[in-house]
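Let me begin by presenting the structure, written as structure tokens, before commenting on it.
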Amino acid sequence: TADAAVFIGILLLCAAGAARYVYLASWDDPTRNKAALALHLVVIVTSVVPPELPMELSLAVTTSLAELGSKCGIFCTEPWRIPLAGKADVVALDKTGTLTSDEMVVRGIVLPHAFRGGDGDDDDDGAPPPLVDAASDAVSDAARRVLVGCHSLAPRAGEAMGDPLERAVLRDAGWALRGRDVVAPAEGDVDGRALLIRRRYDFASQLRRMSAVVREGRQEHVLTKGAPEAVRALL
């Protein structure tokens, strides 16, 4: 790096000064062996750079790599970039795909009181609704139907293929595709809980929503999801 080059340059400058002093003080001395004196001058110049310097530089980079991992939780795949990173003032990222995986993770679902399970009272303190797990009993049956039944996923090689957000919601809710048009809980008793998707109305940019007609047991439901302002007009 440039810092190492500057450091070595300063050492060489000191060595050149010392060699010049020895040359001026001893070259004209008739009692000195010229060949031995020249060899001493070369030794002065070469010995100023310690042979351990490359190992010390590598050790510094290795120590920095260990500190980044243990204290900051940063994993570096190119350790030789660490000295260059110390000079960076601004880091601009073009997308998240280069830093994160392509799998979306559902942290929770915010539900209004009308779509929460249980008999809890409405919150009257103005606080935002809490995040709830999609697989918990806090989610009402109506909300769960929309989460797992209104999507455009399709099975392929035993996995759900389609929108990453819809896949993440289905996985977090604990449900899975049992065919092209059937979704059911991934584990446990599925009798009477499976949803048969009878018709899909794919997302339309003009309407800003998508819908699906599903059957649960002997009941049929129309499920809709989309932009809040677009769905609110239908309620």
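Residue numbering restarts at 1 in every chain; chains get A, B, ... in the order shown in the structure tokens, and ligands count up from 1 in that same order.
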TODO: Determine which residues of segment 4-223 of chain A receive a DSSP assignment of alpha helix (DSSP H), computed from the backbone, and state them as an MDAnalysis selection string.
DONE: chainID A and resid 4:26 34:47 53:67 82:85 141:149 164:172
Open item on the list: List the spatial neighbours of Ala85 of chain A as a count of residues only - criterion: any atom at most 12 Å away, only C-alpha atoms, same-chain residues fewer than 3 positions off excluded.
Closed with: 14
- [ ] Using only C-alpha atoms, find the one residue out of A:Ile44, A:Ala38, A:Ala173, A:Val132 that sits nearest to Glu187 of chain A.
- [x]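 Ranking A:Ile44, A:Ala38, A:Ala173, A:Val132 by distance to Glu187 of chain A, first place goes to A:Ala173.
For the pair atom CA of Val105 of chain A and atom CA of Asp172 of chain A, the interatomic distance is 8.2 Å.
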12 Å contact set for Val22 of chain A, only C-alpha atoms, chain neighbours under 4 positions out, as a PDB file with N, CA and C atoms, in the first residue's frame:
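So part-v4.pdb came out as:
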ATOM      1  N   ALA A  15      18.953   5.357   5.323  1.00  0.00           N
ATOM      2  CA  ALA A  15      20.066   4.492   4.950  1.00  0.00           C
ATOM      3  C   ALA A  15      20.989   5.167   3.961  1.00  0.00           C
ATOM      4  N   ALA A  16      20.417   5.911   3.028  1.00  0.00           N
ATOM      5  CA  ALA A  16      21.252   6.609   2.051  1.00  0.00           C
ATOM      6  C   ALA A  16      22.106   7.670   2.731  1.00  0.00           C
ATOM      7  N   GLY A  17      21.537   8.374   3.713  1.00  0.00           N
ATOM      8  CA  GLY A  17      22.327   9.363   4.445  1.00  0.00           C
ATOM      9  C   GLY A  17      23.466   8.730   5.207  1.00  0.00           C
ATOM     10  N   ALA A  18      23.186   7.581   5.861  1.00  0.00           N
ATOM     11  CA  ALA A  18      24.246   6.901   6.594  1.00  0.00           C
ATOM     12  C   ALA A  18      25.315   6.371   5.659  1.00  0.00           C
ATOM     13  N   SER A  26      35.357   7.472   4.639  1.00  0.00           N
ATOM     14  CA  SER A  26      36.279   6.335   4.553  1.00  0.00           C
ATOM     15  C   SER A  26      36.814   6.064   3.144  1.00  0.00           C
ATOM     16  N   TRP A  27      36.216   6.619   2.138  1.00  0.00           N
ATOM     17  CA  TRP A  27      36.631   6.231   0.777  1.00  0.00           C
ATOM     18  C   TRP A  27      38.052   6.700   0.443  1.00  0.00           C
ATOM     19  N   ASP A  28      38.414   7.861   0.928  1.00  0.00           N
ATOM     20  CA  ASP A  28      39.752   8.387   0.641  1.00  0.00           C
ATOM     21  C   ASP A  28      40.816   7.863   1.591  1.00  0.00           C
ATOM     22  N   ASP A  29      40.431   7.029   2.537  1.00  0.00           N
ATOM     23  CA  ASP A  29      41.395   6.467   3.478  1.00  0.00           C
ATOM     24  C   ASP A  29      42.174   5.359   2.773  1.00  0.00           C
ATOM     25  N   ARG A  32      41.911   1.593   3.932  1.00  0.00           N
ATOM     26  CA  ARG A  32      40.650   0.831   3.807  1.00  0.00           C
ATOM     27  C   ARG A  32      40.634   0.041   2.500  1.00  0.00           C
ATOM     28  N   LEU A  37      34.740  -1.880   1.670  1.00  0.00           N
ATOM     29  CA  LEU A  37      33.973  -0.673   1.975  1.00  0.00           C
ATOM     30  C   LEU A  37      32.704  -0.608   1.136  1.00  0.00           C
ATOM     31  N   ALA A  38      32.809  -0.964  -0.130  1.00  0.00           N
ATOM     32  CA  ALA A  38      31.622  -0.969  -0.995  1.00  0.00           C
ATOM     33  C   ALA A  38      30.600  -1.982  -0.497  1.00  0.00           C
ATOM     34  N   LEU A  39      31.102  -3.136  -0.020  1.00  0.00           N
ATOM     35  CA  LEU A  39      30.188  -4.141   0.518  1.00  0.00           C
ATOM     36  C   LEU A  39      29.482  -3.632   1.765  1.00  0.00           C
ATOM     37  N   HIS A  40      30.205  -2.903   2.612  1.00  0.00           N
ATOM     38  CA  HIS A  40      29.588  -2.330   3.804  1.00  0.00           C
ATOM     39  C   HIS A  40      28.512  -1.312   3.442  1.00  0.00           C
ATOM     40  N   LEU A  41      28.760  -0.527   2.407  1.00  0.00           N
ATOM     41  CA  LEU A  41      27.755   0.452   1.977  1.00  0.00           C
ATOM     42  C   LEU A  41      26.476  -0.247   1.502  1.00  0.00           C
ATOM     43  N   VAL A  42      26.639  -1.334   0.779  1.00  0.00           N
ATOM     44  CA  VAL A  42      25.460  -2.088   0.315  1.00  0.00           C
ATOM     45  C   VAL A  42      24.710  -2.676   1.504  1.00  0.00           C
ATOM     46  N   VAL A  43      25.436  -3.201   2.490  1.00  0.00           N
ATOM     47  CA  VAL A  43      24.803  -3.776   3.679  1.00  0.00           C
ATOM     48  C   VAL A  43      24.016  -2.716   4.439  1.00  0.00           C
ATOM     49  N   ILE A  44      24.570  -1.489   4.520  1.00  0.00           N
ATOM     50  CA  ILE A  44      23.866  -0.403   5.231  1.00  0.00           C
ATOM     51  C   ILE A  44      22.534  -0.105   4.549  1.00  0.00           C
ATOM     52  N   VAL A  45      22.541  -0.054   3.239  1.00  0.00           N
ATOM     53  CA  VAL A  45      21.316   0.285   2.503  1.00  0.00           C
ATOM     54  C   VAL A  45      20.285  -0.835   2.607  1.00  0.00           C
TER      55      VAL A  45
END
